[in-house]
>>> print(open('target-v2.txt').read())   # compact mmCIF, C-alpha atoms
# COMPACT_ATOMS: atom_id res chain seq x y z
CA MET A 1 -5.21 12.00 26.10
CA GLN A 2 -6.18 14.09 23.10
CA ARG A 3 -2.77 15.76 23.07
CA ARG A 4 -1.00 12.40 23.21
CA LEU A 5 -3.06 11.30 20.26
CA MET A 6 -1.97 14.43 18.41
CA LEU A 7 1.67 13.65 19.21
CA ALA A 8 1.30 10.10 17.94
CA THR A 9 -0.26 11.44 14.75
CA ALA A 10 2.59 13.92 14.32
CA CYS A 11 5.17 11.13 14.71
CA LEU A 12 3.30 9.05 12.17
CA ALA A 13 3.25 11.97 9.75
CA LEU A 14 7.00 12.40 10.24
CA LEU A 15 7.61 8.75 9.50
CA THR A 16 5.42 8.89 6.43
CA SER A 17 7.26 11.91 5.11
CA VAL A 18 10.60 10.18 5.67
CA SER A 19 9.57 6.82 4.26
CA PRO A 20 10.41 6.20 0.60
CA THR A 21 7.50 3.81 0.14
CA TYR A 22 5.35 6.22 -1.77
CA GLY A 23 7.98 7.91 -3.90
CA ARG A 24 10.36 10.52 -2.58
CA GLY A 25 9.93 11.47 1.03
CA PHE A 26 10.93 14.63 2.77
CA LEU A 27 14.27 13.13 3.74
CA ASP A 28 15.01 12.06 0.22
CA ASP A 29 14.33 15.60 -0.95
CA LEU A 30 16.62 16.85 1.78
CA LEU A 31 19.45 14.48 0.91
CA HIS A 32 19.15 14.87 -2.86
CA PRO A 33 17.91 18.37 -3.49
CA LEU A 34 19.00 18.38 -7.13
CA ALA A 35 17.68 14.97 -8.02
CA PRO A 36 14.61 15.07 -10.22
CA ALA A 37 11.48 13.79 -8.56
CA HIS A 38 10.63 10.87 -10.80
CA LYS A 39 7.32 10.05 -9.26
CA LYS A 40 6.25 13.63 -9.45
CA SER A 41 7.65 14.34 -12.86
CA SER A 42 6.27 11.17 -14.34
CA SER A 43 2.76 12.45 -13.84
CA LYS A 44 3.35 15.29 -16.31
CA PRO A 45 6.42 14.22 -18.21
CA ALA A 46 5.74 15.90 -21.52
CA ALA A 47 5.05 19.28 -20.02
CA SER A 48 8.32 19.32 -18.11
CA HIS A 49 10.43 18.52 -21.18
CA SER A 50 8.64 20.32 -23.95
CA GLY A 51 10.61 22.83 -25.93
CA GLU A 52 14.00 21.21 -25.37
CA ILE A 53 16.34 20.86 -28.33
CA VAL A 54 18.17 17.68 -29.16
CA TRP A 55 21.21 18.08 -31.33
CA SER A 56 22.30 14.95 -33.15
CA GLY A 57 25.40 14.86 -35.25
CA LEU A 58 27.57 12.65 -37.38
CA VAL A 59 31.08 13.66 -36.43
CA MET A 60 34.24 12.73 -38.25
CA ALA A 61 37.19 12.57 -35.87
CA ASP A 62 40.61 12.86 -37.42
CA ASN A 63 44.18 13.82 -36.72
CA VAL A 64 45.38 16.74 -38.84
CA GLU A 65 48.21 19.22 -38.64
CA LYS A 66 45.97 22.27 -38.38
CA PRO A 67 42.77 21.21 -36.69
CA GLN A 68 39.64 23.25 -37.23
CA VAL A 69 37.82 24.90 -34.39
CA ILE A 70 35.53 22.36 -32.77
CA PRO A 71 31.81 22.97 -33.39
CA ALA A 72 29.99 24.77 -30.59
CA GLU A 73 27.79 21.75 -29.86
CA LEU A 74 30.86 19.68 -29.02
CA ALA A 75 32.85 22.31 -27.18
CA ARG A 76 31.71 21.18 -23.74
CA ILE A 77 32.83 17.59 -24.30
CA GLU A 78 35.95 18.36 -26.35
CA PRO A 79 38.43 17.22 -23.63
CA THR A 80 36.57 13.94 -23.21
CA LEU A 81 36.44 13.31 -26.95
CA LYS A 82 40.15 13.99 -27.35
CA GLU A 83 41.06 11.84 -24.39
CA LEU A 84 38.84 8.90 -25.37
CA PHE A 85 39.45 8.77 -29.10
CA GLY A 86 42.86 10.37 -29.47
CA TYR A 87 42.00 12.71 -32.35
CA ASN A 88 42.58 16.44 -32.54
CA GLN A 89 39.87 17.46 -35.02
CA PHE A 90 36.15 16.85 -34.86
CA GLU A 91 34.22 17.83 -37.94
CA VAL A 92 30.47 17.63 -38.29
CA ILE A 93 29.54 15.89 -41.54
CA GLY A 94 25.82 15.67 -40.83
CA GLN A 95 23.56 17.08 -38.17
CA SER A 96 20.04 17.77 -37.10
CA ARG A 97 18.58 19.98 -34.42
CA LYS A 98 15.14 18.98 -33.26
CA THR A 99 12.87 20.80 -30.84
CA LEU A 100 10.91 18.31 -28.84
CA MET A 101 7.30 19.18 -28.21
CA ASN A 102 5.86 15.95 -26.89
CA GLY A 103 8.96 13.73 -26.82
CA GLN A 104 7.57 11.42 -29.50
CA GLU A 105 9.24 12.96 -32.52
CA ASP A 106 11.60 11.26 -34.93
CA TRP A 107 14.20 12.79 -37.19
CA LEU A 108 17.25 12.14 -39.31
CA ALA A 109 20.80 13.43 -39.30
CA SER A 110 22.50 12.42 -42.49
CA SER A 111 25.64 12.76 -44.53
CA LYS A 112 26.39 11.43 -47.98
CA HIS A 113 26.96 7.87 -46.78
CA PHE A 114 25.42 7.73 -43.34
CA ALA A 115 22.10 8.48 -41.76
CA LEU A 116 21.37 8.53 -38.07
CA HIS A 117 17.69 7.91 -37.50
CA VAL A 118 16.47 9.07 -34.09
CA ASP A 119 13.07 7.95 -32.89
CA ALA A 120 12.06 9.45 -29.55
CA GLN A 121 9.79 7.17 -27.53
CA GLY A 122 8.74 9.72 -24.96
CA PRO A 123 10.07 11.36 -21.83
CA SER A 124 11.49 9.36 -18.96
CA GLU A 125 13.14 10.27 -15.67
CA GLY A 126 15.27 13.30 -16.46
CA GLY A 127 15.45 12.68 -20.20
CA TYR A 128 14.04 10.80 -23.16
CA ILE A 129 13.95 7.26 -24.39
CA VAL A 130 15.29 7.28 -27.94
CA ASN A 131 15.85 4.52 -30.43
CA LEU A 132 18.85 5.12 -32.69
CA LYS A 133 19.66 3.49 -35.99
CA LEU A 134 22.83 4.10 -37.95
CA MET A 135 22.27 3.42 -41.62
CA GLN A 136 25.08 3.17 -44.12
CA ARG A 137 24.51 4.01 -47.76
CA ASP A 138 26.92 2.35 -50.14
CA SER A 139 27.78 3.86 -53.52
CA THR A 140 26.62 0.91 -55.49
CA GLU A 141 24.21 0.93 -58.36
CA PRO A 142 21.52 1.15 -57.19
CA PRO A 143 22.53 2.63 -53.76
CA THR A 144 21.77 0.30 -50.87
CA ASP A 145 20.96 1.23 -47.27
CA GLN A 146 22.36 -1.05 -44.64
CA LEU A 147 21.63 -1.06 -40.94
CA VAL A 148 24.93 -0.92 -39.07
CA LEU A 149 23.99 -0.29 -35.48
CA GLU A 150 20.83 -0.09 -33.45
CA THR A 151 20.44 0.97 -29.86
CA ALA A 152 17.82 2.07 -27.35
CA THR A 153 18.99 4.78 -25.00
CA LYS A 154 17.76 6.88 -22.19
CA LEU A 155 19.12 10.24 -23.17
CA SER A 156 19.60 12.54 -20.21
CA LYS A 157 19.56 16.24 -20.76
CA ARG A 158 22.65 16.64 -18.63
CA SER A 159 24.63 13.84 -20.21
CA PRO A 160 25.65 13.75 -23.88
CA LEU A 161 25.75 10.42 -25.66
CA VAL A 162 28.68 9.45 -27.88
CA ILE A 163 28.69 6.33 -30.05
CA LYS A 164 31.82 5.09 -31.67
CA GLY A 165 31.07 4.23 -35.28
CA PRO A 166 33.15 2.57 -37.96
CA GLN A 167 36.70 3.51 -38.86
CA ILE A 168 36.77 5.69 -41.99
CA GLY A 169 40.16 6.15 -43.64
CA ASN A 170 42.46 7.37 -40.89
CA GLY A 171 39.64 8.75 -38.86
CA GLN A 172 36.66 7.63 -36.90
CA LEU A 173 32.96 8.23 -37.28
CA LEU A 174 31.25 9.31 -34.08
CA LEU A 175 27.57 9.76 -33.38
CA VAL A 176 26.80 12.41 -30.84
CA LEU A 177 23.50 13.35 -29.20
CA VAL A 178 23.18 16.32 -26.89
CA VAL A 179 20.07 17.72 -25.21
CA GLN A 180 20.54 21.47 -25.25
CA MET B 1 -36.50 61.92 64.47
CA LYS B 2 -38.21 60.32 61.47
CA THR B 3 -38.42 62.12 58.18
CA PHE B 4 -41.73 62.90 56.52
CA GLU B 5 -41.12 60.12 53.92
CA GLU B 6 -40.56 57.52 56.64
CA ASN B 7 -43.69 58.59 58.45
CA TRP B 8 -45.62 58.60 55.17
CA THR B 9 -44.55 55.06 54.35
CA ALA B 10 -45.40 53.87 57.84
CA TRP B 11 -48.80 55.62 57.65
CA LEU B 12 -49.56 53.93 54.32
CA ASP B 13 -48.73 50.58 55.90
CA ASP B 14 -50.85 51.35 58.96
CA LYS B 15 -47.77 51.14 61.14
CA LEU B 16 -48.24 54.51 62.81
CA THR B 17 -50.03 54.36 66.18
CA GLY B 18 -50.84 56.52 69.13
CA GLN B 19 -49.34 59.99 69.42
CA GLU B 20 -47.28 59.55 66.25
CA LEU B 21 -50.42 58.83 64.21
CA ILE B 22 -52.26 61.85 65.62
CA GLU B 23 -49.33 64.18 65.01
CA PHE B 24 -48.76 62.93 61.46
CA GLU B 25 -52.42 63.13 60.41
CA SER B 26 -52.75 66.65 61.87
CA ALA B 27 -49.67 67.68 59.86
CA LEU B 28 -51.17 66.49 56.56
CA PRO B 29 -52.28 69.47 54.40
CA ASP B 30 -55.12 67.57 52.68
CA LYS B 31 -56.16 64.53 54.66
CA ALA B 32 -58.87 63.42 52.21
CA ALA B 33 -56.39 63.29 49.32
CA ALA B 34 -53.93 61.39 51.53
CA GLU B 35 -56.61 58.87 52.47
CA ALA B 36 -57.43 58.39 48.77
CA GLU B 37 -53.79 57.78 47.99
CA LYS B 38 -53.57 55.31 50.87
CA ARG B 39 -56.51 53.33 49.51
CA GLY B 40 -54.97 53.30 46.06
CA ALA B 41 -51.68 52.02 47.49
CA HIS B 42 -53.49 49.24 49.34
CA GLN B 43 -55.37 48.25 46.20
CA LEU B 44 -52.13 48.21 44.20
CA GLY B 45 -50.45 46.07 46.85
CA ALA B 46 -53.31 43.59 46.81
CA LEU B 47 -53.21 43.42 43.02
CA LEU B 48 -49.48 42.78 42.93
CA LYS B 49 -49.72 40.07 45.57
CA ARG B 50 -52.43 38.39 43.60
CA GLU B 51 -50.83 38.58 40.15
CA LEU B 52 -47.11 38.28 40.80
CA VAL B 53 -46.49 34.60 41.59
CA ALA B 54 -42.98 33.09 41.35
CA PRO B 55 -42.77 30.74 38.33
CA ALA B 56 -42.33 27.06 39.08
CA LEU B 57 -39.01 25.55 37.87
CA THR B 58 -39.51 22.84 35.30
CA ASN B 59 -35.83 21.75 35.14
CA GLU B 60 -34.96 21.79 38.74
CA ASP B 61 -32.31 19.08 38.53
CA PHE B 62 -30.35 20.98 35.92
CA PHE B 63 -30.14 24.08 38.07
CA HIS B 64 -29.14 21.96 41.05
CA HIS B 65 -26.39 20.41 39.02
CA GLN B 66 -25.19 23.80 37.81
CA LEU B 67 -25.18 25.15 41.30
CA ARG B 68 -23.25 22.16 42.68
CA GLU B 69 -20.67 22.52 39.89
CA ARG B 70 -20.23 26.19 40.55
CA ILE B 71 -19.87 25.61 44.27
CA ALA B 72 -17.30 22.88 43.61
CA ARG B 73 -15.35 25.21 41.30
CA GLU B 74 -15.38 28.02 43.78
CA GLU B 75 -14.21 25.69 46.52
CA ALA B 76 -11.37 24.40 44.34
CA GLY B 77 -10.38 27.90 43.22
CA PRO B 78 -8.60 29.08 46.34
CA VAL B 79 -6.40 25.95 46.33
CA ARG B 80 -4.93 26.95 42.95
CA GLU B 81 -4.51 30.50 44.04
CA ARG B 82 -2.38 29.32 46.94
CA GLY B 83 0.35 28.49 44.42
CA GLU B 84 -0.16 24.85 43.56
CA SER B 85 0.97 24.33 39.96
CA VAL B 86 -1.66 23.51 37.38
CA SER B 87 -0.73 20.43 35.37
CA THR B 88 -0.51 21.07 31.64
CA TRP B 89 0.70 18.38 29.23
CA TRP B 90 3.27 20.48 27.33
CA THR B 91 5.65 21.13 30.11
CA ILE B 92 9.25 21.97 29.24
CA ARG B 93 10.35 18.51 30.25
CA ARG B 94 7.80 16.76 28.08
CA LEU B 95 8.57 19.09 25.22
CA PHE B 96 12.23 18.21 25.52
CA TRP B 97 11.57 14.47 25.52
CA THR B 98 9.17 14.77 22.58
CA GLY B 99 11.77 16.67 20.57
CA ALA B 100 14.50 14.18 21.44
CA THR B 101 12.30 11.24 20.49
CA SER B 102 11.34 12.84 17.18
CA LEU B 103 14.97 13.55 16.33
CA ALA B 104 15.95 9.99 17.19
CA LEU B 105 13.19 8.65 14.94
CA PHE B 106 14.28 11.00 12.18
CA PHE B 107 17.88 9.82 12.28
CA ILE B 108 16.90 6.16 12.47
CA CYS B 109 14.79 6.61 9.35
CA ALA B 110 17.59 8.60 7.70
CA VAL B 111 20.02 5.74 8.18
CA PHE B 112 17.38 3.30 6.95
CA VAL B 113 16.76 5.29 3.76
CA MET B 114 20.44 5.82 3.06
CA ARG B 115 21.15 2.11 3.46
CA GLN B 116 18.33 1.28 1.09
CA LYS B 117 19.91 3.29 -1.71
CA ASP B 118 21.92 1.04 -3.92
CA PRO B 119 25.42 2.51 -4.25
CA THR B 120 25.91 0.84 -7.62
CA GLU B 121 22.75 2.38 -8.99
CA GLN B 122 23.40 4.42 -12.11
CA SER B 123 22.92 8.11 -11.66
CA GLN B 124 19.81 9.64 -13.17
CA TYR B 125 21.96 12.43 -14.51
CA LEU B 126 23.72 10.14 -16.96
CA SER B 127 22.40 8.85 -20.23
CA GLN B 128 21.97 5.10 -20.22
CA ILE B 129 22.30 2.55 -22.97
CA LEU B 130 19.30 0.27 -22.58
CA ASN B 131 20.30 -2.12 -25.33
CA ALA B 132 22.46 -2.12 -28.43
CA HIS B 133 23.39 -4.45 -31.21
CA VAL B 134 25.36 -4.43 -34.43
CA ASP B 135 23.95 -6.05 -37.50
CA PRO B 136 25.82 -9.37 -37.71
CA ALA B 137 25.60 -9.26 -41.50
CA VAL B 138 27.69 -6.10 -41.50
CA ALA B 139 30.12 -7.02 -38.75
CA PRO B 140 29.84 -10.56 -37.43
CA ASN B 141 32.67 -10.14 -34.91
CA ALA B 142 31.66 -6.75 -33.60
CA THR B 143 31.52 -6.22 -29.85
CA ILE B 144 29.82 -3.53 -27.89
CA SER B 145 30.64 -2.04 -24.52
CA MET B 146 29.42 1.00 -22.69
CA PHE B 147 30.82 3.26 -20.03
CA GLU B 148 30.51 6.73 -18.65
CA SER B 149 33.04 9.46 -18.48
CA LYS B 150 32.33 11.11 -15.14
CA GLU B 151 34.30 14.21 -16.09
CA ASN B 152 31.73 15.61 -18.50
CA ARG B 153 29.00 13.09 -17.77
CA VAL B 154 29.42 11.65 -21.23
CA THR B 155 27.93 8.24 -21.87
CA VAL B 156 29.86 6.27 -24.48
CA LEU B 157 28.78 3.31 -26.55
CA TRP B 158 32.02 1.75 -27.71
CA THR B 159 32.01 -0.58 -30.68
CA GLU B 160 34.87 -2.76 -31.82
CA GLY B 161 35.15 -4.87 -34.93
CA LEU B 162 33.07 -2.77 -37.29
CA LYS B 163 34.14 -2.92 -40.88
CA SER B 164 36.61 -0.15 -41.84
CA LEU B 165 35.53 2.05 -44.69
CA PRO B 166 37.44 4.12 -47.23
CA SER B 167 37.97 7.83 -46.60
CA ASP B 168 35.33 8.91 -49.13
CA TYR B 169 32.69 7.77 -46.62
CA ALA B 170 33.62 10.84 -44.60
CA ALA B 171 32.00 13.09 -47.20
CA LYS B 172 29.33 15.51 -46.03
>>> encode(input="target-v2.txt", output="structure tokens")
Amino acid sequence: MQRRLMLATACLALLTSVSPTYGRGFLDDLLHPLAPAHKKSSSKPAASHSGEIVWSGLVMADNVEKPQVIPAELARIEPTLKELFGYNQFEVIGQSRKTLMNGQEDWLASSKHFALHVDAQGPSEGGYIVNLKLMQRDSTEPPTDQLVLETATKLSKRSPLVIKGPQIGNGQLLLVLVVQ
Amino acid sequence: MKTFEENWTAWLDDKLTGQELIEFESALPDKAAAEAEKRGAHQLGALLKRELVAPALTNEDFFHHQLRERIAREEAGPVRERGESVSTWWTIRRLFWTGATSLALFFICAVFVMRQKDPTEQSQYLSQILNAHVDPAVAPNATISMFESKENRVTVLWTEGLKSLPSDYAAK
């Protein structure tokens, strides 16, 4: 009788480990070994992300006869950028590289006429929640700052974010965020 | 033919009679010392009989129970030794069925979990646009869409209808 009770307990333990009710079960871990454990990571989110660098850039995409070498930060996504936007040169006109310590930082990547304000709201599952604001500075007297675009994003460290900005001359302004 | 020790013991217990007694006592080297030793042995015997009394059992039932159990075990013992198999729960057959049942439960739950997962759910590996808007004062007809390029896991926020700007806005 005691052994049957032990067997029943073992079966119950197996079911509990398989069941997704309380976060990721054993089976879920087995089926998705690379997936981040959100329930587990959410308990200490800041510690797991601290020290990561977020590169944010204002990128001017253009078609030229002799394109410059693409910046190292964009090298990984160069084929995607060329395919999506149809330009052969990507030049960084403003950038910022921020090391995140607690995921609550905010910073600015700016050029002469644009500023990308990044306000991190804290870590989330596999990345960060960031609020982005693209400000445009016109050359009027006095200079005026104008909000062009605003977005809230969950930035994953394995997935760069590209935002198509306004057309400038024959080119295109792009906003790029990469967790390095 | 009795040995001297046997005759000595019998003499101490007053068991020697007749010719045997006469022969034994005549063979003793010092009869007075032997008589003294005999008296001492008798006194010791009387003392031991008086003092050594078997203790009375206070928990008689317990010992009876223990004895009955032991007798029952010993009676059952030979039956097992004759080759009758002793029943244990984890026989090979039961082990097999337990394993099969556990595996079946595991796969049922596996199917259940896999069905629960929403196939349209966005991957955690991709960045996600939670919300976005363009200032209507800047571009009243602007539209926003978002998609993911699976190739490099690039998430794209695509805007249309933003106001075009002159090339000097590309300055660093």
>>> interface_residues(input="target-v2.txt", of="chain B", to="chain A", cutoff="7 Å", atoms="only C-alpha atoms", output="number ranges by chain")
B: 102, 109-110, 124-135, 138, 152-159, 162-167, 169-172
>>> atom_distance(input="target-v2.txt", atom1="CA of Thr98 (chain B)", atom2="CA of Arg115 (chain B)")
25.9 Å
>>> atom_distance(input="target-v2.txt", atom1="CA of Val54 (chain A)", atom2="CA of Glu160 (chain B)")
26.5 Å
>>> atom_distance(input="target-v2.txt", atom1="CA of Ile53 (chain A)", atom2="CA of Ile144 (chain B)")
27.9 Å
>>> residues_near_point(input="target-v2.txt", point="(-39.7, 57.8, 61.9)", cutoff="12 Å", atoms="all atoms listed in the file", output="ChimeraX atom specification")
/B:1-11,15-17,20-21,23-24
